[in-house]
Structures are given as C-alpha cells and as structure tokens.
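Novice: Data file model.cif (mmCIF, C-alpha atoms and all ligand atoms) is appended below.
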```
data_upload
#
loop_
_atom_site.label_atom_id
_atom_site.label_comp_id
_atom_site.auth_asym_id
_atom_site.auth_seq_id
_atom_site.Cartn_x
_atom_site.Cartn_y
_atom_site.Cartn_z
CA MET N 245 -10.44 10.58 -26.80
CA ALA N 246 -9.98 7.60 -29.09
CA GLN N 247 -12.78 5.81 -27.23
CA ALA N 248 -15.18 8.43 -28.60
CA GLN N 249 -14.17 7.31 -32.11
CA ALA N 250 -15.41 3.73 -31.55
CA SER N 251 -19.01 3.22 -32.61
CA ARG N 252 -21.35 0.26 -32.16
CA ASP N 253 -23.62 -0.46 -35.17
CA ALA N 254 -27.18 -1.83 -35.17
CA ALA N 255 -25.89 -5.41 -35.12
CA GLY N 256 -23.78 -4.63 -32.01
CA LEU N 257 -20.39 -4.67 -33.71
CA VAL N 258 -17.86 -2.10 -32.49
CA THR N 259 -16.21 -0.36 -35.45
CA VAL N 260 -13.14 1.88 -35.31
CA ARG N 261 -11.74 3.89 -38.20
CA THR N 262 -8.48 5.24 -36.77
CA VAL N 263 -5.28 3.58 -35.64
CA ALA N 264 -5.50 5.48 -32.31
CA ALA N 265 -8.96 4.08 -31.55
CA LEU N 266 -7.88 0.59 -32.64
CA ARG N 267 -4.86 0.72 -30.31
CA GLU N 268 -6.97 1.86 -27.38
CA VAL N 269 -9.39 -1.08 -27.66
CA VAL N 270 -6.68 -3.69 -28.36
CA GLY N 271 -4.46 -2.20 -25.61
CA ALA N 272 -7.22 -2.72 -23.02
CA TRP N 273 -7.52 -6.38 -24.05
CA ARG N 274 -3.76 -6.84 -23.78
CA ARG N 275 -3.66 -5.28 -20.31
CA ALA N 276 -6.33 -7.82 -19.30
CA GLY N 277 -4.03 -10.61 -20.53
CA GLU N 278 -6.12 -11.53 -23.59
CA THR N 279 -4.70 -12.83 -26.87
CA VAL N 280 -5.69 -11.30 -30.21
CA ALA N 281 -6.34 -12.75 -33.69
CA ALA N 282 -6.46 -10.65 -36.87
CA VAL N 283 -8.54 -11.44 -39.96
CA PRO N 284 -7.54 -9.01 -42.72
CA THR N 285 -10.19 -8.66 -45.47
CA MET N 286 -11.24 -6.35 -48.26
CA GLY N 287 -14.90 -7.03 -47.49
CA ALA N 288 -17.47 -8.51 -49.92
CA LEU N 289 -17.54 -11.42 -47.49
CA HIS N 290 -18.28 -15.01 -48.41
CA GLU N 291 -18.02 -18.34 -46.59
CA GLY N 292 -14.23 -18.35 -47.13
CA HIS N 293 -13.87 -15.21 -45.00
CA LEU N 294 -16.27 -16.62 -42.41
CA ALA N 295 -14.09 -19.74 -42.12
CA LEU N 296 -11.16 -17.42 -41.27
CA VAL N 297 -13.22 -15.75 -38.53
CA ARG N 298 -14.34 -19.10 -37.06
CA ARG N 299 -10.74 -20.27 -36.96
CA ALA N 300 -9.62 -16.94 -35.44
CA LYS N 301 -12.10 -17.36 -32.61
CA ALA N 302 -10.66 -20.80 -31.88
CA GLU N 303 -7.09 -19.43 -31.89
CA ALA N 304 -7.34 -16.37 -29.61
CA ASP N 305 -9.49 -14.66 -26.96
CA ARG N 306 -10.33 -11.68 -29.17
CA THR N 307 -10.84 -11.27 -32.92
CA VAL N 308 -10.20 -8.09 -34.90
CA ALA N 309 -11.47 -8.13 -38.49
CA THR N 310 -10.26 -5.50 -40.90
CA LEU N 311 -12.13 -4.13 -43.88
CA PHE N 312 -9.99 -2.09 -46.23
CA VAL N 313 -10.04 -2.16 -50.02
CA ASN N 314 -6.33 -1.57 -50.46
CA PRO N 315 -5.68 0.62 -53.51
CA ARG N 316 -1.98 -0.34 -53.56
CA GLN N 317 -2.68 -3.95 -54.51
CA PHE N 318 -4.79 -3.14 -57.58
CA ASN N 319 -2.75 -2.78 -60.73
CA GLN N 320 -5.77 -1.53 -62.69
CA GLN N 321 -7.88 1.44 -61.61
CA SER N 322 -11.00 -0.08 -63.21
CA ASP N 323 -10.56 -3.21 -61.06
CA LEU N 324 -10.31 -1.06 -57.90
CA ALA N 325 -13.35 1.00 -58.89
CA SER N 326 -15.51 -2.05 -59.57
CA TYR N 327 -14.44 -4.03 -56.47
CA PRO N 328 -17.68 -4.94 -54.58
CA ARG N 329 -18.27 -2.89 -51.41
CA ASN N 330 -21.04 -3.39 -48.84
CA GLU N 331 -19.87 -2.50 -45.34
CA THR N 332 -23.33 -2.81 -43.76
CA ARG N 333 -23.75 -6.40 -44.93
CA ASP N 334 -20.15 -7.29 -44.02
CA ALA N 335 -20.47 -5.78 -40.54
CA ALA N 336 -23.67 -7.76 -39.90
CA LEU N 337 -21.90 -11.00 -40.88
CA PHE N 338 -18.91 -10.22 -38.66
CA ALA N 339 -21.25 -9.36 -35.76
CA LYS N 340 -23.16 -12.63 -36.22
CA LEU N 341 -19.94 -14.64 -35.91
CA GLY N 342 -18.87 -12.76 -32.78
CA VAL N 343 -16.05 -10.60 -34.13
CA ASP N 344 -15.01 -8.30 -31.25
CA LEU N 345 -13.83 -5.31 -33.28
CA LEU N 346 -13.98 -4.15 -36.89
CA PHE N 347 -11.18 -1.89 -38.11
CA ALA N 348 -12.48 -0.11 -41.22
CA PRO N 349 -10.11 2.79 -41.94
CA ASP N 350 -10.33 5.12 -44.92
CA VAL N 351 -7.48 5.39 -47.42
CA ALA N 352 -5.94 8.51 -45.79
CA GLU N 353 -5.67 6.74 -42.42
CA ILE N 354 -3.57 3.96 -43.95
CA TYR N 355 -1.73 6.04 -46.56
CA PRO N 356 -1.52 9.63 -45.28
CA PRO N 357 -0.11 12.29 -47.60
CA GLY N 358 3.62 11.72 -48.06
CA PHE N 359 3.43 7.96 -47.41
CA ALA N 360 6.58 6.63 -49.09
CA THR N 361 7.33 3.09 -47.84
CA THR N 362 6.88 -0.17 -49.70
CA VAL N 363 7.37 -3.64 -48.25
CA SER N 364 8.68 -5.95 -50.95
CA VAL N 365 9.32 -9.67 -50.49
CA GLY N 366 11.90 -10.90 -53.00
CA GLY N 367 11.89 -14.20 -54.88
CA LEU N 368 8.46 -15.47 -53.93
CA THR N 369 6.83 -12.60 -55.81
CA ASP N 370 8.62 -13.10 -59.16
CA CYS N 371 6.11 -15.64 -60.46
CA LEU N 372 2.37 -16.41 -60.67
CA CYS N 373 0.20 -13.40 -59.64
CA GLY N 374 3.30 -11.46 -58.55
CA LYS N 375 4.51 -11.56 -62.17
CA MET N 376 1.13 -11.14 -63.88
CA ARG N 377 0.01 -8.24 -61.66
CA PRO N 378 3.03 -5.93 -61.24
CA GLY N 379 3.02 -4.24 -57.82
CA HIS N 380 0.19 -6.40 -56.48
CA MET N 381 2.25 -8.45 -54.02
CA ASP N 382 4.16 -5.36 -52.79
CA GLY N 383 0.78 -3.72 -52.16
CA VAL N 384 -0.39 -6.75 -50.17
CA ALA N 385 2.85 -7.00 -48.16
CA THR N 386 2.81 -3.26 -47.40
CA VAL N 387 -0.77 -3.14 -46.14
CA VAL N 388 -0.51 -6.40 -44.18
CA CYS N 389 2.73 -5.19 -42.56
CA LYS N 390 0.93 -1.99 -41.52
CA LEU N 391 -2.09 -3.90 -40.19
CA PHE N 392 0.24 -6.17 -38.18
CA THR N 393 2.10 -3.23 -36.63
CA GLN N 394 -1.19 -1.46 -35.90
CA ILE N 395 -3.01 -4.46 -34.34
CA GLN N 396 0.03 -6.43 -33.10
CA PRO N 397 -1.94 -9.68 -33.23
CA ASP N 398 -0.70 -12.96 -31.77
CA VAL N 399 -2.11 -14.81 -34.75
CA ALA N 400 -3.42 -13.90 -38.21
CA LEU N 401 -5.51 -16.02 -40.56
CA PHE N 402 -5.08 -16.25 -44.35
CA GLY N 403 -6.85 -18.46 -46.89
CA GLU N 404 -4.99 -21.00 -49.02
CA LYS N 405 -6.88 -19.83 -52.10
CA ASP N 406 -4.42 -16.91 -52.27
CA TYR N 407 -1.55 -19.30 -51.67
CA GLN N 408 1.21 -17.02 -52.97
CA GLN N 409 -0.12 -14.23 -50.71
CA LEU N 410 -0.04 -16.66 -47.77
CA LEU N 411 3.64 -17.49 -48.44
CA VAL N 412 4.55 -13.82 -48.96
CA VAL N 413 2.91 -12.73 -45.70
CA THR N 414 4.51 -15.62 -43.80
CA ARG N 415 7.98 -14.77 -45.16
CA MET N 416 7.49 -11.06 -44.48
CA ALA N 417 6.51 -11.71 -40.85
CA ARG N 418 9.51 -13.99 -40.39
CA ASP N 419 12.01 -11.65 -42.10
CA LEU N 420 10.82 -8.60 -40.15
CA ASP N 421 10.63 -10.46 -36.80
CA LEU N 422 6.94 -9.67 -36.43
CA ALA N 423 5.65 -11.63 -33.43
CA VAL N 424 2.63 -13.01 -35.25
CA ARG N 425 1.83 -16.63 -36.10
CA ILE N 426 0.34 -17.02 -39.58
CA VAL N 427 -2.33 -19.72 -39.75
CA PRO N 428 -3.40 -21.01 -43.19
CA VAL N 429 -7.07 -21.93 -43.68
CA ALA N 430 -8.20 -24.35 -46.42
CA THR N 431 -10.01 -22.98 -49.48
CA VAL N 432 -13.81 -23.04 -49.20
CA ARG N 433 -15.55 -24.25 -52.38
CA ASP N 434 -19.03 -24.38 -53.83
CA ALA N 435 -20.44 -27.89 -54.30
CA ASP N 436 -19.20 -27.94 -57.93
CA GLY N 437 -15.61 -27.16 -56.81
CA LEU N 438 -15.45 -23.44 -57.64
CA ALA N 439 -13.29 -21.68 -55.03
CA LEU N 440 -15.30 -18.97 -53.27
CA SER N 441 -14.16 -15.48 -54.20
CA SER N 442 -15.62 -11.98 -53.98
CA ARG N 443 -15.02 -11.85 -57.74
CA ASN N 444 -17.47 -14.72 -58.42
CA GLU N 445 -20.33 -12.21 -57.97
CA ALA N 446 -19.35 -10.65 -61.30
CA LEU N 447 -19.76 -13.89 -63.31
CA SER N 448 -22.70 -14.10 -65.71
CA PRO N 449 -24.79 -17.32 -65.46
CA ALA N 450 -22.99 -18.68 -68.55
CA GLU N 451 -19.56 -17.85 -67.09
CA ARG N 452 -20.54 -19.31 -63.71
CA ALA N 453 -21.37 -22.60 -65.46
CA ILE N 454 -17.87 -22.76 -67.00
CA ALA N 455 -15.94 -21.53 -63.94
CA PRO N 456 -15.65 -24.86 -61.98
CA LEU N 457 -13.61 -26.30 -64.86
CA LEU N 458 -10.56 -24.44 -63.50
CA HIS N 459 -10.63 -26.53 -60.32
CA ARG N 460 -11.28 -29.75 -62.29
CA VAL N 461 -8.27 -29.12 -64.56
CA LEU N 462 -5.98 -28.31 -61.60
CA SER N 463 -7.17 -31.39 -59.72
CA SER N 464 -6.65 -33.74 -62.64
CA ILE N 465 -3.09 -32.45 -63.20
CA ALA N 466 -2.37 -32.76 -59.46
CA ALA N 467 -3.68 -36.35 -59.52
CA ARG N 468 -1.37 -37.25 -62.43
CA ALA N 469 1.58 -35.60 -60.66
CA ALA N 470 1.03 -37.52 -57.41
CA GLY N 471 3.86 -39.93 -56.68
CA GLY N 472 6.45 -37.61 -58.20
CA GLN N 473 7.40 -39.75 -61.26
CA HIS N 474 5.20 -38.23 -63.96
CA ASP N 475 6.32 -35.12 -65.92
CA VAL N 476 3.31 -32.79 -66.16
CA THR N 477 4.65 -30.44 -68.85
CA ASP N 478 2.25 -31.78 -71.52
CA ASP N 479 -0.65 -31.99 -69.06
CA LEU N 480 -0.22 -28.29 -68.25
CA ALA N 481 -0.27 -27.38 -71.97
CA ARG N 482 -3.37 -29.55 -72.52
CA GLY N 483 -4.99 -27.93 -69.48
CA VAL N 484 -4.58 -24.48 -71.04
CA GLU N 485 -6.23 -25.79 -74.25
CA THR N 486 -9.10 -27.36 -72.31
CA LEU N 487 -9.83 -24.11 -70.48
CA THR N 488 -9.61 -22.00 -73.63
CA GLN N 489 -11.82 -24.34 -75.65
CA ALA N 490 -14.42 -24.32 -72.86
CA GLY N 491 -14.72 -20.52 -73.01
CA PHE N 492 -12.04 -19.09 -70.69
CA THR N 493 -10.96 -15.94 -72.52
CA LYS N 494 -7.33 -16.00 -71.37
CA VAL N 495 -5.17 -18.23 -69.19
CA ASP N 496 -2.59 -16.18 -67.24
CA TYR N 497 -0.82 -19.27 -65.96
CA LEU N 498 -1.21 -22.97 -65.30
CA GLU N 499 1.86 -24.24 -63.46
CA MET N 500 3.08 -26.74 -60.92
CA ARG N 501 5.35 -25.24 -58.27
CA ASP N 502 7.14 -26.16 -55.07
CA ALA N 503 4.74 -25.56 -52.16
CA GLU N 504 7.29 -23.72 -50.04
CA GLY N 505 9.55 -21.66 -52.31
CA LEU N 506 7.40 -21.65 -55.48
CA ALA N 507 10.15 -23.01 -57.76
CA ALA N 508 8.66 -24.29 -61.04
CA LEU N 509 8.45 -28.09 -61.18
CA ALA N 510 7.84 -30.61 -63.95
CA ARG N 511 7.72 -33.52 -61.46
CA ALA N 512 6.32 -33.33 -57.96
CA ASP N 513 9.49 -34.67 -56.35
CA ARG N 514 8.78 -32.57 -53.22
CA PRO N 515 5.63 -31.02 -51.71
CA ALA N 516 3.98 -29.24 -54.65
CA ARG N 517 0.83 -27.44 -55.74
CA VAL N 518 -0.77 -26.81 -59.11
CA PHE N 519 -1.71 -23.16 -59.66
CA GLY N 520 -4.03 -21.55 -62.20
CA ALA N 521 -5.27 -18.08 -63.07
CA ALA N 522 -7.69 -17.55 -65.95
CA TRP N 523 -10.16 -14.99 -67.20
CA LEU N 524 -13.86 -15.36 -67.91
CA GLY N 525 -14.68 -12.11 -69.68
CA PRO N 526 -13.69 -9.30 -67.30
CA THR N 527 -13.35 -11.60 -64.28
CA ARG N 528 -10.02 -13.13 -63.26
CA LEU N 529 -10.26 -16.37 -61.28
CA ILE N 530 -7.38 -17.96 -59.38
CA ASP N 531 -7.14 -21.33 -57.67
CA ASN N 532 -4.59 -23.91 -56.56
CA VAL N 533 -4.61 -27.48 -55.28
CA PRO N 534 -2.03 -29.57 -53.45
CA VAL N 535 -0.39 -32.56 -55.15
CA GLY N 536 -0.96 -35.76 -53.22
O1 LIG L 1 -6.78 -11.36 -49.33
C1 LIG L 1 -7.21 -10.19 -49.22
O2 LIG L 1 -8.41 -9.96 -49.10
C2 LIG L 1 -6.22 -9.04 -49.25
O3 LIG L 1 -5.17 -9.28 -50.12
C3 LIG L 1 -5.70 -8.66 -47.86
C4 LIG L 1 -4.89 -9.78 -47.24
C5 LIG L 1 -6.86 -8.30 -46.95
C6 LIG L 1 -4.77 -7.44 -47.95
O4 LIG L 1 -5.44 -6.33 -48.47
#
```
Any chance you could give the structure as structure tokens?
Specialist:
Amino acid sequence: MAQAQASRDAAGLVTVRTVAALREVVGAWRRAGETVAAVPTMGALHEGHLALVRRAKAEADRTVATLFVNPRQFNQQSDLASYPRNETRDAALFAKLGVDLLFAPDVAEIYPPGFATTVSVGGLTDCLCGKMRPGHMDGVATVVCKLFTQIQPDVALFGEKDYQQLLVVTRMARDLDLAVRIVPVATVRDADGLALSSRNEALSPAERAIAPLLHRVLSSIAARAAGGQHDVTDDLARGVETLTQAGFTKVDYLEMRDAEGLAALARADRPARVFGAAWLGPTRLIDNVPVG
C-alpha cells in the first residue's frame, strides 16, 4: 500500500510524503543489510547542502534527504511565509547527486492534529540563537528527533554553520540513546568568505557587498584569541561597532564560546569558536569560526 505512495519524478528521484511509505523503502534496504544516512534540510539548496549529501554518500550505502520547512522552528510567521521554496529545483539537485530517497512530508504528516510533544535540550540552548529566537532550538530538536525515529539512520549529517544546532542535535541523540552518529560538515563559503545560506538569496546587491564582513570580523577576533592568552572582550565590542558602521542594521550577538558546552569565554583557554549573528535589513546572517 505504502509502495503506491512513492513516486519517481522526471529526474528519477523517488519521493515519499508519508512516514509509512518512508518506512517501507528504508525497511527494504535494512533487510538487505544496507546502511542509511540522513540529510535533513528545509530545501532552498545551495553548495552547503550538497556537501552534506556528498559526505552522506561516503558514509553509508543509502542516502535519504528530507525536505520540510519546519514551522516549529520559526519564531516569526513572516519569516516562515517568506522562506524560499522550490521543490522541483531541489529534487533535481538531489537526483543529480544520487540521493536514493527524498522524504518531503506536509505539515500534517509531521504534526498531526493534537500533536503535543516538544523535545527541549537544556543548557546548550540558553545562549546565541537559542536565546535570540525563543522556541527555535526546541523546534529544531523536536523535528530532528521525529526525523531520526522515522528514518532510523545510522548516520546523519549537519553543517558547522549552524554550530549550536549541531551541538543540540548531538546532545539530543546522546541523551535519548538514539543509535545515530552525527557527522559535522565544514561550512561552505563563497570566494569572499560569506557562509552559504538559503537566506543569502534575499540580500540586495548592496547588502551582499557588505555581508562578507561578518566572516572577516569573526576571523580576525579568532586570530587574536589564538594561543589562549589574549582577552577578546574589547575586540568583540569593536567588532560590533565595525559591523554597525559598515551597514549591518543590528548585531544580535558577537561572542566567543567554548566549542563543546558553549560557555562564554574571554580567553580561548580551551577549544573555542567565535560566533556572530547580524541583520542586513530584513535578512539575519549567522556564522562562526574556530579559534586556532
Ligand atoms: O538546518 C536546517 O535546515 C534545519 O534546522 C533542519 C536541521 C533541517 C531542521 O528543520
């Protein structure tokens, strides 16, 4: 029955929209002894997503990509409404890279009427985007937990650009004994350093010209912090000024934090990263770089 719900598009990609159909396809792979990788996405694909797929194909026999714009991780309705959507283009890119199955459910399949459960990861979500976007990290943890229980992948791939998300998902999988290995994939950047993001499409030419400054500021603070002796408190404050003077409309945060537990740091006396989130008009950009 579920088999009838799987459809192959013009590019040859098999797409399923229900959990039952997903389980039937993945179950057949499992019975054949094959391993499975999951690449969760919200679509609007760019090279960063494609790097996740390439890595997935190297990690497991089969790759399931998901395409679901998760309403629970948007704290503003306008942001959800304007999120770029183009399933036909995304499916063609997945097909080209050899994705074996696309899971593209609608909202009612993931959150049926009466859905009442939230997965919340404490501590790690109290800062950075977790603090600035109330409910966002719970929305991510909830949907990723569902995708993991639906697909039951051996391995799942997440980009380091959303570094807090990567830590939250890793902790959630560990705390809930989910048998999935989380593999981080390095941020993919344009030649001028701007981290690729589906949100970059919304930048005007003038904003696009300013945008790479975020990465330059993070990198220069990380360089000064390397070695662990230098206190970056003043550098962080100057970084905010630099971004604002260059035309960033608002800086949500510019902080150095411990790379594992996200404790705030003035000196990089342990593995650390510098994190930034800033607005260019209506577009919010985030990025982070390792220290050393
Ligand atoms: O990083 C994303 O695109 C989303 O947060 C994710 C992991 C697909 C969950 O909706």
Novice: Taking a cut-off of 10 Å and counting all atoms listed in the file, can you build a table that, for each residue of range 404-475 of chain N near range 494-504 of chain N, reports the nearest atom pair and how far apart they are in Å (one decimal), sorted by chain then residue number, as CSV?
Specialist:
```
residue,atom,partner,partner_atom,distance
N:Tyr407,CA,N:Ala503,CA,8.9
N:Gln408,CA,N:Ala503,CA,9.3
N:Leu411,CA,N:Glu504,CA,7.4
N:Leu458,CA,N:Leu498,CA,9.6
N:Val461,CA,N:Leu498,CA,9.4
N:Leu462,CA,N:Leu498,CA,8.1
N:Ile465,CA,N:Met500,CA,8.7
N:Ala466,CA,N:Met500,CA,8.3
N:Ala469,CA,N:Met500,CA,9.0
```
Novice: Find the residues with any atom within 10 Å of (5.9, -6.7, -54.4); use all atoms listed in the file and the coordinates as given in the file, and write the answer as a compact mmCIF listing (two decimals) with C-alpha atoms, in the frame of the given file.
Specialist:
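The new file result22.txt reads:
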```txt
# COMPACT_ATOMS: atom_id res chain seq x y z
CA GLN N 317 -2.68 -3.95 -54.51
CA THR N 362 6.88 -0.17 -49.70
CA VAL N 363 7.37 -3.64 -48.25
CA SER N 364 8.68 -5.95 -50.95
CA VAL N 365 9.32 -9.67 -50.49
CA GLY N 366 11.90 -10.90 -53.00
CA GLY N 367 11.89 -14.20 -54.88
CA LEU N 368 8.46 -15.47 -53.93
CA THR N 369 6.83 -12.60 -55.81
CA ASP N 370 8.62 -13.10 -59.16
CA GLY N 374 3.30 -11.46 -58.55
CA LYS N 375 4.51 -11.56 -62.17
CA ARG N 377 0.01 -8.24 -61.66
CA PRO N 378 3.03 -5.93 -61.24
CA GLY N 379 3.02 -4.24 -57.82
CA HIS N 380 0.19 -6.40 -56.48
CA MET N 381 2.25 -8.45 -54.02
CA ASP N 382 4.16 -5.36 -52.79
CA GLY N 383 0.78 -3.72 -52.16
CA VAL N 384 -0.39 -6.75 -50.17
CA ALA N 385 2.85 -7.00 -48.16
CA THR N 386 2.81 -3.26 -47.40
CA VAL N 412 4.55 -13.82 -48.96
```
Novice: Go through chain N residue by residue and, counting all atoms listed in the file, keep those with an atom at most 6 Å from ligand LIG 1 (chain L); for each kept residue give the shortest atom pair and its distance in Å to one decimal, ordered by chain and increasing number, as a Markdown table.
Specialist:
```
| residue | atom | partner | partner_atom | distance |
| --- | --- | --- | --- | --- |
| N:Pro284 | CA | L:LIG1 | C5 | 4.3 |
| N:Thr285 | CA | L:LIG1 | C5 | 3.7 |
| N:Met286 | CA | L:LIG1 | O2 | 4.7 |
| N:Asn314 | CA | L:LIG1 | O4 | 5.2 |
| N:Val384 | CA | L:LIG1 | C6 | 5.0 |
| N:Val388 | CA | L:LIG1 | C6 | 5.8 |
```
Novice: In terms of the shortest atom-to-atom distance over all atoms listed in the file, which of N:Val399, N:Leu346, N:Ala522, N:Leu487 is closest to Val427 in chain N?
Specialist: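 Residue with the minimum atom-to-atom distance to Val427 in chain N: N:Val399.
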Novice: Any idea what's packed within 12 Å of Ser463 in chain N, counting all atoms listed in the file, ignoring anything in its chain fewer than 2 positions away? Could you give it as an mmCIF file with C-alpha atoms, in the frame of the given file?
Specialist:
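Output below, filename result.cif:
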```cif
data_model
loop_
_atom_site.group_PDB
_atom_site.id
_atom_site.type_symbol
_atom_site.label_atom_id
_atom_site.label_comp_id
_atom_site.auth_asym_id
_atom_site.auth_seq_id
_atom_site.Cartn_x
_atom_site.Cartn_y
_atom_site.Cartn_z
ATOM 1 C CA GLY N 437 -15.610 -27.160 -56.810
ATOM 2 C CA LEU N 438 -15.450 -23.440 -57.640
ATOM 3 C CA PRO N 456 -15.650 -24.860 -61.980
ATOM 4 C CA LEU N 457 -13.610 -26.300 -64.860
ATOM 5 C CA LEU N 458 -10.560 -24.440 -63.500
ATOM 6 C CA HIS N 459 -10.630 -26.530 -60.320
ATOM 7 C CA ARG N 460 -11.280 -29.750 -62.290
ATOM 8 C CA VAL N 461 -8.270 -29.120 -64.560
ATOM 9 C CA ILE N 465 -3.090 -32.450 -63.200
ATOM 10 C CA ALA N 466 -2.370 -32.760 -59.460
ATOM 11 C CA ALA N 467 -3.680 -36.350 -59.520
ATOM 12 C CA ARG N 468 -1.370 -37.250 -62.430
ATOM 13 C CA ALA N 469 1.580 -35.600 -60.660
ATOM 14 C CA ALA N 470 1.030 -37.520 -57.410
ATOM 15 C CA ASP N 479 -0.650 -31.990 -69.060
ATOM 16 C CA LEU N 480 -0.220 -28.290 -68.250
ATOM 17 C CA GLY N 483 -4.990 -27.930 -69.480
ATOM 18 C CA LEU N 498 -1.210 -22.970 -65.300
ATOM 19 C CA MET N 500 3.080 -26.740 -60.920
ATOM 20 C CA ARG N 517 0.830 -27.440 -55.740
ATOM 21 C CA VAL N 518 -0.770 -26.810 -59.110
ATOM 22 C CA PHE N 519 -1.710 -23.160 -59.660
ATOM 23 C CA GLY N 520 -4.030 -21.550 -62.200
ATOM 24 C CA ASP N 531 -7.140 -21.330 -57.670
ATOM 25 C CA ASN N 532 -4.590 -23.910 -56.560
ATOM 26 C CA VAL N 533 -4.610 -27.480 -55.280
ATOM 27 C CA PRO N 534 -2.030 -29.570 -53.450
ATOM 28 C CA VAL N 535 -0.390 -32.560 -55.150
ATOM 29 C CA GLY N 536 -0.960 -35.760 -53.220
#
```
